[in-house]
Each structure stands twice: as C-alpha cells, then as structure tokens.
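Here's entry_26.cif, which has mmCIF, C-alpha atoms:
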data_upload
#
loop_
_atom_site.group_PDB
_atom_site.id
_atom_site.type_symbol
_atom_site.label_atom_id
_atom_site.label_comp_id
_atom_site.auth_asym_id
_atom_site.auth_seq_id
_atom_site.Cartn_x
_atom_site.Cartn_y
_atom_site.Cartn_z
ATOM 1 C CA MET A 1 171.045 -57.200 67.580
ATOM 2 C CA THR A 2 173.368 -57.601 70.571
ATOM 3 C CA ALA A 3 173.124 -53.897 71.345
ATOM 4 C CA ILE A 4 169.348 -54.081 71.246
ATOM 5 C CA ARG A 5 169.296 -57.084 73.541
ATOM 6 C CA GLN A 6 171.631 -55.437 76.040
ATOM 7 C CA ALA A 7 169.751 -52.151 76.063
ATOM 8 C CA ALA A 8 166.410 -53.872 76.457
ATOM 9 C CA GLY A 9 167.731 -55.928 79.339
ATOM 10 C CA GLU A 10 168.563 -52.792 81.325
ATOM 11 C CA ILE A 11 165.550 -50.618 80.612
ATOM 12 C CA ASP A 12 164.644 -50.070 84.260
ATOM 13 C CA GLY A 13 168.184 -49.843 85.609
ATOM 14 C CA LYS A 14 168.241 -53.498 86.531
ATOM 15 C CA ALA A 15 169.491 -56.522 84.680
ATOM 16 C CA HIS A 16 166.697 -58.643 83.260
ATOM 17 C CA PRO A 17 167.109 -61.662 80.991
ATOM 18 C CA VAL A 18 166.192 -60.906 77.397
ATOM 19 C CA THR A 19 164.885 -63.798 75.358
ATOM 20 C CA VAL A 20 164.115 -64.126 71.681
ATOM 21 C CA ASP A 21 160.556 -65.136 72.611
ATOM 22 C CA PHE A 22 159.028 -61.685 72.157
ATOM 23 C CA ARG A 23 155.631 -62.924 73.365
ATOM 24 C CA GLY A 24 156.915 -62.619 76.909
ATOM 25 C CA TRP A 25 158.475 -59.176 76.525
ATOM 26 C CA PRO A 26 157.046 -56.567 78.923
ATOM 27 C CA PRO A 27 155.683 -53.342 77.386
ATOM 28 C CA ARG A 28 158.721 -51.207 78.197
ATOM 29 C CA MET A 29 161.145 -53.697 76.696
ATOM 30 C CA ALA A 30 159.000 -54.155 73.573
ATOM 31 C CA SER A 31 158.781 -50.385 73.133
ATOM 32 C CA LEU A 32 162.534 -49.869 73.448
ATOM 33 C CA VAL A 33 163.425 -52.731 71.111
ATOM 34 C CA ALA A 34 160.947 -51.520 68.488
ATOM 35 C CA GLY A 35 162.147 -47.908 68.809
ATOM 36 C CA ILE A 36 165.832 -48.764 68.473
ATOM 37 C CA ALA A 37 165.209 -51.114 65.546
ATOM 38 C CA LEU A 38 163.041 -48.552 63.730
ATOM 39 C CA ALA A 39 165.648 -45.829 64.236
ATOM 40 C CA LEU A 40 168.353 -48.103 62.829
ATOM 41 C CA MET A 41 166.107 -48.978 59.895
ATOM 42 C CA ALA A 42 165.539 -45.328 59.062
ATOM 43 C CA VAL A 43 169.288 -44.715 58.912
ATOM 44 C CA LEU A 44 170.198 -47.896 57.030
ATOM 45 C CA ALA A 45 167.347 -47.614 54.519
ATOM 46 C CA GLY A 46 168.215 -43.992 53.797
ATOM 47 C CA LEU A 47 171.918 -44.699 53.368
ATOM 48 C CA GLY A 48 171.372 -47.930 51.457
ATOM 49 C CA ASN A 49 168.796 -46.703 48.972
ATOM 50 C CA PHE A 50 169.287 -42.951 48.622
ATOM 51 C CA GLY A 51 172.962 -42.897 49.540
ATOM 52 C CA ALA A 52 174.207 -45.898 47.570
ATOM 53 C CA ILE A 53 171.686 -47.335 45.085
ATOM 54 C CA VAL A 54 169.813 -44.341 43.659
ATOM 55 C CA PRO A 55 172.890 -42.163 42.874
ATOM 56 C CA LEU A 56 174.339 -44.945 40.716
ATOM 57 C CA VAL A 57 171.199 -45.544 38.658
ATOM 58 C CA THR A 58 170.344 -43.369 35.660
ATOM 59 C CA PRO A 59 166.784 -44.154 34.530
ATOM 60 C CA GLY A 60 166.650 -45.052 30.860
ATOM 61 C CA ASP A 61 170.432 -45.140 30.443
ATOM 62 C CA ALA A 62 171.566 -48.740 30.844
ATOM 63 C CA GLU A 63 175.131 -48.167 29.708
ATOM 64 C CA ARG A 64 175.805 -45.338 32.145
ATOM 65 C CA THR A 65 174.128 -47.193 34.993
ATOM 66 C CA ALA A 66 176.246 -50.293 34.432
ATOM 67 C CA ARG A 67 179.404 -48.202 34.183
ATOM 68 C CA ASP A 68 178.677 -46.211 37.348
ATOM 69 C CA ILE A 69 177.893 -49.351 39.347
ATOM 70 C CA ALA A 70 181.044 -51.089 38.105
ATOM 71 C CA GLU A 71 183.160 -48.072 39.066
ATOM 72 C CA SER A 72 181.529 -47.834 42.513
ATOM 73 C CA ALA A 73 180.998 -51.520 43.216
ATOM 74 C CA PRO A 74 181.819 -51.322 46.967
ATOM 75 C CA LEU A 75 179.227 -48.567 47.427
ATOM 76 C CA PHE A 76 176.560 -50.490 45.519
ATOM 77 C CA LEU A 77 177.225 -53.693 47.477
ATOM 78 C CA ALA A 78 177.209 -51.761 50.752
ATOM 79 C CA GLY A 79 173.791 -50.419 49.811
ATOM 80 C CA ILE A 80 172.532 -53.952 49.178
ATOM 81 C CA ALA A 81 173.931 -55.112 52.521
ATOM 82 C CA SER A 82 172.256 -52.192 54.322
ATOM 83 C CA LEU A 83 168.881 -53.026 52.808
ATOM 84 C CA PHE A 84 169.310 -56.680 53.735
ATOM 85 C CA VAL A 85 169.880 -55.712 57.385
ATOM 86 C CA VAL A 86 166.707 -53.627 57.169
ATOM 87 C CA THR A 87 164.694 -56.763 56.355
ATOM 88 C CA ILE A 88 166.021 -58.450 59.506
ATOM 89 C CA LEU A 89 165.151 -55.404 61.591
ATOM 90 C CA ASP A 90 161.666 -55.465 60.042
ATOM 91 C CA VAL A 91 161.083 -58.896 61.584
ATOM 92 C CA ILE A 92 162.372 -57.694 64.969
ATOM 93 C CA VAL A 93 160.023 -54.693 64.845
ATOM 94 C CA ALA A 94 157.110 -56.935 63.903
ATOM 95 C CA GLY A 95 157.703 -59.081 67.001
ATOM 96 C CA ALA A 96 158.239 -56.131 69.329
ATOM 97 C CA LEU A 97 155.094 -54.292 68.187
ATOM 98 C CA TYR A 98 153.120 -57.514 68.540
ATOM 99 C CA ALA A 99 154.292 -57.781 72.151
ATOM 100 C CA LEU A 100 153.459 -54.123 72.778
ATOM 101 C CA PHE A 101 149.936 -54.178 71.337
ATOM 102 C CA ARG A 102 148.989 -57.761 72.166
ATOM 103 C CA PRO A 103 147.036 -56.682 75.274
ATOM 104 C CA VAL A 104 144.945 -54.347 73.094
ATOM 105 C CA ASN A 105 143.863 -57.031 70.638
ATOM 106 C CA PRO A 106 145.907 -60.224 70.206
ATOM 107 C CA VAL A 107 144.343 -61.162 66.864
ATOM 108 C CA VAL A 108 144.791 -57.772 65.178
ATOM 109 C CA SER A 109 148.329 -57.405 66.555
ATOM 110 C CA ALA A 110 149.221 -60.861 65.219
ATOM 111 C CA VAL A 111 147.846 -60.044 61.751
ATOM 112 C CA ALA A 112 149.762 -56.752 61.789
ATOM 113 C CA ALA A 113 152.974 -58.558 62.726
ATOM 114 C CA TRP A 114 152.578 -61.187 60.003
ATOM 115 C CA ALA A 115 151.822 -58.506 57.400
ATOM 116 C CA ARG A 116 155.176 -56.898 58.233
ATOM 117 C CA VAL A 117 157.009 -60.225 58.201
ATOM 118 C CA VAL A 118 155.598 -61.093 54.768
ATOM 119 C CA PHE A 119 156.544 -57.626 53.547
ATOM 120 C CA ALA A 120 160.105 -58.233 54.786
ATOM 121 C CA ALA A 121 160.177 -61.441 52.741
ATOM 122 C CA VAL A 122 158.936 -59.601 49.636
ATOM 123 C CA PHE A 123 161.513 -56.873 50.211
ATOM 124 C CA MET A 124 164.225 -59.526 50.418
ATOM 125 C CA VAL A 125 163.087 -60.864 47.037
ATOM 126 C CA ALA A 126 163.322 -57.326 45.669
ATOM 127 C CA ILE A 127 166.855 -56.936 47.040
ATOM 128 C CA GLY A 128 167.722 -60.154 45.251
ATOM 129 C CA ARG A 129 167.029 -58.332 41.983
ATOM 130 C CA LEU A 130 169.787 -55.865 42.881
ATOM 131 C CA VAL A 131 172.179 -58.763 43.401
ATOM 132 C CA THR A 132 171.142 -60.120 40.008
ATOM 133 C CA ALA A 133 171.721 -56.703 38.453
ATOM 134 C CA TYR A 134 175.258 -56.644 39.827
ATOM 135 C CA THR A 135 175.995 -59.978 38.168
ATOM 136 C CA LEU A 136 174.635 -58.674 34.841
ATOM 137 C CA LEU A 137 176.763 -55.553 34.465
ATOM 138 C CA ASP A 138 178.243 -56.989 31.264
ATOM 139 C CA HIS A 139 174.674 -56.874 29.921
ATOM 140 C CA PRO A 140 173.586 -53.316 30.793
ATOM 141 C CA VAL A 141 169.996 -53.539 29.554
ATOM 142 C CA ALA A 142 169.327 -56.697 31.552
ATOM 143 C CA ALA A 143 170.985 -55.134 34.602
ATOM 144 C CA LEU A 144 168.817 -52.006 34.407
ATOM 145 C CA ASN A 145 165.696 -54.133 33.929
ATOM 146 C CA SER A 146 166.603 -56.017 37.080
ATOM 147 C CA ILE A 147 167.026 -52.751 39.000
ATOM 148 C CA ASP A 148 163.642 -51.573 37.733
ATOM 149 C CA ALA A 149 162.183 -54.880 38.940
ATOM 150 C CA PHE A 150 163.633 -54.170 42.383
ATOM 151 C CA THR A 151 161.718 -50.903 42.550
ATOM 152 C CA THR A 152 158.482 -52.441 41.272
ATOM 153 C CA ILE A 153 158.572 -55.374 43.691
ATOM 154 C CA TRP A 154 159.505 -53.138 46.619
ATOM 155 C CA VAL A 155 156.787 -50.543 45.998
ATOM 156 C CA THR A 156 154.190 -53.236 45.355
ATOM 157 C CA GLY A 157 155.210 -54.980 48.564
ATOM 158 C CA LEU A 158 154.714 -51.709 50.418
ATOM 159 C CA GLY A 159 151.013 -52.460 50.122
ATOM 160 C CA LEU A 160 151.557 -55.100 52.820
ATOM 161 C CA PHE A 161 153.485 -52.551 54.850
ATOM 162 C CA GLY A 162 150.558 -50.174 54.436
ATOM 163 C CA ILE A 163 148.203 -52.816 55.824
ATOM 164 C CA HIS A 164 150.584 -53.274 58.756
ATOM 165 C CA LEU A 165 150.537 -49.537 59.499
ATOM 166 C CA LEU A 166 146.747 -49.364 59.227
ATOM 167 C CA LEU A 167 146.403 -52.153 61.777
ATOM 168 C CA VAL A 168 149.038 -50.681 64.088
ATOM 169 C CA GLY A 169 147.274 -47.338 63.759
ATOM 170 C CA TYR A 170 144.034 -48.979 64.865
ATOM 171 C CA LEU A 171 145.785 -50.616 67.812
ATOM 172 C CA ALA A 172 147.464 -47.345 68.808
ATOM 173 C CA TYR A 173 144.131 -45.537 68.619
ATOM 174 C CA ARG A 174 142.467 -48.128 70.860
ATOM 175 C CA SER A 175 145.424 -48.702 73.178
ATOM 176 C CA GLY A 176 144.704 -46.180 75.910
ATOM 177 C CA PHE A 177 148.412 -45.715 76.583
ATOM 178 C CA MET A 178 149.174 -43.882 73.331
ATOM 179 C CA ALA A 179 147.592 -40.609 72.202
ATOM 180 C CA ARG A 180 144.997 -41.236 69.500
ATOM 181 C CA ILE A 181 146.721 -38.813 67.133
ATOM 182 C CA PHE A 182 149.466 -41.404 66.675
ATOM 183 C CA GLY A 183 146.920 -43.937 65.519
ATOM 184 C CA ILE A 184 145.494 -41.442 63.035
ATOM 185 C CA LEU A 185 148.929 -40.498 61.652
ATOM 186 C CA LEU A 186 149.947 -44.150 61.275
ATOM 187 C CA SER A 187 146.704 -44.934 59.455
ATOM 188 C CA VAL A 188 147.270 -42.005 57.089
ATOM 189 C CA ALA A 189 150.795 -43.290 56.353
ATOM 190 C CA GLY A 190 149.456 -46.781 55.755
ATOM 191 C CA THR A 191 146.865 -45.436 53.322
ATOM 192 C CA GLY A 192 149.645 -43.654 51.422
ATOM 193 C CA TYR A 193 151.687 -46.826 50.998
ATOM 194 C CA LEU A 194 148.592 -48.725 49.860
ATOM 195 C CA ALA A 195 147.875 -46.017 47.286
ATOM 196 C CA ASP A 196 151.442 -46.260 45.976
ATOM 197 C CA ALA A 197 151.193 -50.042 45.693
ATOM 198 C CA VAL A 198 147.850 -49.945 43.880
ATOM 199 C CA GLY A 199 149.052 -47.176 41.557
ATOM 200 C CA THR A 200 152.193 -49.153 40.692
ATOM 201 C CA LEU A 201 150.139 -52.236 39.856
ATOM 202 C CA LEU A 202 147.394 -50.554 37.869
ATOM 203 C CA VAL A 203 148.847 -47.405 36.290
ATOM 204 C CA ASP A 204 151.633 -47.558 33.701
ATOM 205 C CA GLY A 205 154.470 -45.192 34.501
ATOM 206 C CA PHE A 206 153.081 -44.427 37.975
ATOM 207 C CA THR A 207 155.549 -42.790 40.365
ATOM 208 C CA ALA A 208 155.182 -43.679 44.040
ATOM 209 C CA VAL A 209 154.785 -40.373 45.844
ATOM 210 C CA PHE A 210 152.217 -40.735 48.609
ATOM 211 C CA GLY A 211 154.427 -42.663 51.022
ATOM 212 C CA GLN A 212 157.156 -40.035 50.664
ATOM 213 C CA PHE A 213 154.913 -37.311 52.101
ATOM 214 C CA LEU A 214 152.761 -39.235 54.590
ATOM 215 C CA PHE A 215 155.481 -40.791 56.746
ATOM 216 C CA VAL A 216 155.059 -38.392 59.699
ATOM 217 C CA GLY A 217 153.300 -41.062 61.729
ATOM 218 C CA GLU A 218 156.263 -43.423 61.410
ATOM 219 C CA VAL A 219 158.715 -40.798 62.648
ATOM 220 C CA ALA A 220 156.404 -39.828 65.503
ATOM 221 C CA LEU A 221 156.100 -43.488 66.485
ATOM 222 C CA ILE A 222 159.882 -43.847 66.795
ATOM 223 C CA PHE A 223 160.101 -40.892 69.176
ATOM 224 C CA TRP A 224 157.145 -42.123 71.213
ATOM 225 C CA LEU A 225 158.592 -45.614 71.561
ATOM 226 C CA LEU A 226 161.997 -44.319 72.682
ATOM 227 C CA ILE A 227 160.760 -41.509 74.966
ATOM 228 C CA ARG A 228 157.246 -42.122 76.236
ATOM 229 C CA GLY A 229 157.512 -45.876 75.894
ATOM 230 C CA ARG A 230 160.029 -45.904 78.736
ATOM 231 C CA ARG A 231 157.188 -45.051 81.093
ATOM 232 C CA LEU A 232 155.356 -48.269 80.299
ATOM 233 C CA PRO A 233 155.405 -51.143 82.807
ATOM 234 C CA ALA A 234 158.777 -52.875 83.087
ATOM 235 C CA ARG A 235 157.146 -56.223 83.702
ATOM 236 C CA ALA A 236 154.488 -58.099 81.797
ATOM 237 C CA GLU A 237 151.101 -58.113 83.463
#
Spell out the structure here as structure tokens.
Amino acid sequence: MTAIRQAAGEIDGKAHPVTVDFRGWPPRMASLVAGIALALMAVLAGLGNFGAIVPLVTPGDAERTARDIAESAPLFLAGIASLFVVTILDVIVAGALYALFRPVNPVVSAVAAWARVVFAAVFMVAIGRLVTAYTLLDHPVAALNSIDAFTTIWVTGLGLFGIHLLLVGYLAYRSGFMARIFGILLSVAGTGYLADAVGTLLVDGFTAVFGQFLFVGEVALIFWLLIRGRRLPARAE
C-alpha cells in the first residue's frame, strides 16, 4: 500500500499529496494505482491459489489432503495470507476504477465499485473456510468439505465480479479515452464469470471453466492502465 501511494504521488515527476479519498484522485493517479494493484493481485492470487492451495488438495481424498496440508502447513497458510491481501487490493482497485470512470457515468461507476467491494467481502468469507479447514485437519472429511465450500463460495461470488466487469466494460466502451475493444473484452470476461457462477449454483458437479479462458480483457486492462493510463491528465478536472 505504501509503495502504491508513493508511486501514485510521483506520477508526473512531481510530488503530489496522495490521500485515501479516491474521489479526488486525478485520472493518471487512479490509473496507476489500479494498474499496480491489479498486477499485484494477479501475482498473489496465482501464487496463493495455484501455487499453495491447489497442490495440497486432492479432490475426493480427505485423508491425503489433510496429511499434505499438515506436512506443508507454512505453504498453506502463506496461500491463505496471499488471498487475504488480494481482497484488500480488490477494494483499492474498486476505488481507483471508480475515480477513473466517474466522469463517464458516476452512477454506473459507483455500482461497479460496490459490486467489486461486495465480491471482496464474499471472497473473504470464502477464505475463512480455508482457515476453518486448517483447524479441522484432525477431522479430514470435515476439512475437505470446508475446502470445497471455499471453492463454491468463491466461484459463486465471482458472479458479482462478473457484474463489475460488465459495468467497467460499458464504461470503458463509452469513455472516449480508452479503445472500445477494451470494453468489449472486459464485457466478455464478465459474462464468463457470470456463467461460471450460474453454472455452479444450478448444475451439480459443474466445473468453472469460462472465466479461465475469457480473462484476456483483464490482462489487457492492466497493461493499458500502466502504459497508456500515464498519458491521462495528472490533475482532476
């Protein structure tokens, strides 16, 4: 957070005060903060989930899962900590994107921001199930059930994230300062997350796959925010 604040305060080569009131952030600052936070999220989420949590979980084998987690407890806890930091960064991104797109449509940008904040809260609840699983390693079946609950809550909550991306896609498309293709790609990604959430809720044994292949818009957004976003005005109009 400190690094983000320092970097944002020097985006135009001059020192500017950075406040936590994102409503007053100029476009360039909002773009840089959002880009840095999203890049950090991509790294932490990948390491936390696919680098620490997933390798220790064997679907359908409670005993092995409990044993692997117990033998690699520091790795499992580090994964939980990484995902927790991601939820904090989610809130920062929500505020920064609100500041960036507020001039386009203040109501839609506010709804988009709140959708992401609520998703962060749901994700935090899901992470809590991992903490519960760690405390239940002496009861392997209960621990594995708790880990499965983490996945279900997270994927279901991604429906809110999908709504956020759909709204941000709309704002990007209408912005005038961002190529419309970004808005289209973000909307496609949002639709994928919504499909995964609906499938998880309504179809037994559904495997979330759409979000895994339709994330191009999110990656493109990070690069735009960090590269092209630096050309945005350094002061709020």
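The residues caught by the PyMOL selection byres ((chain A and resi 89) around 10) in this file are A:Met1, A:Ala34, A:Ile36, A:Ala37, A:Leu38, A:Ala39, A:Leu40, A:Met41, A:Leu83, A:Phe84, A:Val85, A:Val86, A:Thr87, A:Ile88, A:Asp90, A:Val91, A:Ile92, A:Val93, A:Ala94, A:Gly95, A:Ala120.
The spacing separating CA of Leu44 in chain A from CA of Leu158 in chain A amounts to 17.3 Å.
Across the structure, CA of Leu171 in chain A and CA of Phe22 in chain A are spaced 17.8 Å apart.
Nearest residue to Ser72 in chain A, choosing from A:Val107, A:Val219, A:Tyr134, A:Ala149 and counting only C-alpha atoms: A:Tyr134.
When the PyMOL selection byres ((chain A and resi 70) around 12) is evaluated against the file, it yields Leu56, Val57, Glu63, Arg64, Thr65, Ala66, Arg67, Asp68, Ile69, Glu71, Ser72, Ala73, Pro74, Leu75, Phe76, Leu77, Ala133, Tyr134, Thr135, Leu136, Leu137, Asp138, His139, Pro140 and Ala143 of chain A.
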Selection above as a file: C-alpha atoms, as a PDB file, in the frame of the given file:
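File produced: part_0.pdb:
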ATOM      1  CA  LEU A  56     174.339 -44.945  40.716  1.00  0.00           C
ATOM      2  CA  VAL A  57     171.199 -45.544  38.658  1.00  0.00           C
ATOM      3  CA  GLU A  63     175.131 -48.167  29.708  1.00  0.00           C
ATOM      4  CA  ARG A  64     175.805 -45.338  32.145  1.00  0.00           C
ATOM      5  CA  THR A  65     174.128 -47.193  34.993  1.00  0.00           C
ATOM      6  CA  ALA A  66     176.246 -50.293  34.432  1.00  0.00           C
ATOM      7  CA  ARG A  67     179.404 -48.202  34.183  1.00  0.00           C
ATOM      8  CA  ASP A  68     178.677 -46.211  37.348  1.00  0.00           C
ATOM      9  CA  ILE A  69     177.893 -49.351  39.347  1.00  0.00           C
ATOM     10  CA  GLU A  71     183.160 -48.072  39.066  1.00  0.00           C
ATOM     11  CA  SER A  72     181.529 -47.834  42.513  1.00  0.00           C
ATOM     12  CA  ALA A  73     180.998 -51.520  43.216  1.00  0.00           C
ATOM     13  CA  PRO A  74     181.819 -51.322  46.967  1.00  0.00           C
ATOM     14  CA  LEU A  75     179.227 -48.567  47.427  1.00  0.00           C
ATOM     15  CA  PHE A  76     176.560 -50.490  45.519  1.00  0.00           C
ATOM     16  CA  LEU A  77     177.225 -53.693  47.477  1.00  0.00           C
ATOM     17  CA  ALA A 133     171.721 -56.703  38.453  1.00  0.00           C
ATOM     18  CA  TYR A 134     175.258 -56.644  39.827  1.00  0.00           C
ATOM     19  CA  THR A 135     175.995 -59.978  38.168  1.00  0.00           C
ATOM     20  CA  LEU A 136     174.635 -58.674  34.841  1.00  0.00           C
ATOM     21  CA  LEU A 137     176.763 -55.553  34.465  1.00  0.00           C
ATOM     22  CA  ASP A 138     178.243 -56.989  31.264  1.00  0.00           C
ATOM     23  CA  HIS A 139     174.674 -56.874  29.921  1.00  0.00           C
ATOM     24  CA  PRO A 140     173.586 -53.316  30.793  1.00  0.00           C
ATOM     25  CA  ALA A 143     170.985 -55.134  34.602  1.00  0.00           C
TER      26      ALA A 143
END
Using the chain letters and numbering of this document, enumerate as a ChimeraX atom specification the residues selected by the PyMOL selection byres ((chain A and resi 231) around 10).
/A:12,27-28,31,177,225-230,232-234
Residue subset to file, keeping C-alpha atoms, as a compact mmCIF listing (two decimals), keeping the file's coordinate frame:
# COMPACT_ATOMS: atom_id res chain seq x y z
CA ASP A 12 164.64 -50.07 84.26
CA PRO A 27 155.68 -53.34 77.39
CA ARG A 28 158.72 -51.21 78.20
CA SER A 31 158.78 -50.38 73.13
CA PHE A 177 148.41 -45.72 76.58
CA LEU A 225 158.59 -45.61 71.56
CA LEU A 226 162.00 -44.32 72.68
CA ILE A 227 160.76 -41.51 74.97
CA ARG A 228 157.25 -42.12 76.24
CA GLY A 229 157.51 -45.88 75.89
CA ARG A 230 160.03 -45.90 78.74
CA LEU A 232 155.36 -48.27 80.30
CA PRO A 233 155.40 -51.14 82.81
CA ALA A 234 158.78 -52.88 83.09
Distance CA of Leu202 in chain A-CA of Val155 in chain A, one decimal place?
12.4 Å
Within 9 Å of Ile153 in chain A, counting only C-alpha atoms, which residues show up once you throw out same-chain ones fewer than 3 positions away? Write them as a PDB file with C-alpha atoms, keeping the file's coordinate frame, please.
ATOM      1  CA  VAL A 122     158.936 -59.601  49.636  1.00  0.00           C
ATOM      2  CA  PHE A 123     161.513 -56.873  50.211  1.00  0.00           C
ATOM      3  CA  VAL A 125     163.087 -60.864  47.037  1.00  0.00           C
ATOM      4  CA  ALA A 126     163.322 -57.326  45.669  1.00  0.00           C
ATOM      5  CA  ASP A 148     163.642 -51.573  37.733  1.00  0.00           C
ATOM      6  CA  ALA A 149     162.183 -54.880  38.940  1.00  0.00           C
ATOM      7  CA  PHE A 150     163.633 -54.170  42.383  1.00  0.00           C
ATOM      8  CA  THR A 156     154.190 -53.236  45.355  1.00  0.00           C
ATOM      9  CA  GLY A 157     155.210 -54.980  48.564  1.00  0.00           C
ATOM     10  CA  LEU A 158     154.714 -51.709  50.418  1.00  0.00           C
TER      11      LEU A 158
END
Pick out the closest residue to Val54 in chain A from this set: A:Val118, A:Leu100, A:Leu130, A:Leu160. Count all atoms listed in the file.
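Closest candidate: A:Leu130.
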Who sits within 8 Å of Phe101 in chain A, all atoms listed in the file, same chain under 3 positions skipped, as a PyMOL selection string:
chain A and resi 97-98+104-106+109+171-172+175
So which one's closest to Ala81 in chain A, A:Gly48, A:Gly169, A:Pro59, A:Pro103? Using all atoms listed in the file, please.
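Of all the options, A:Gly48 lies closest to Ala81 in chain A.
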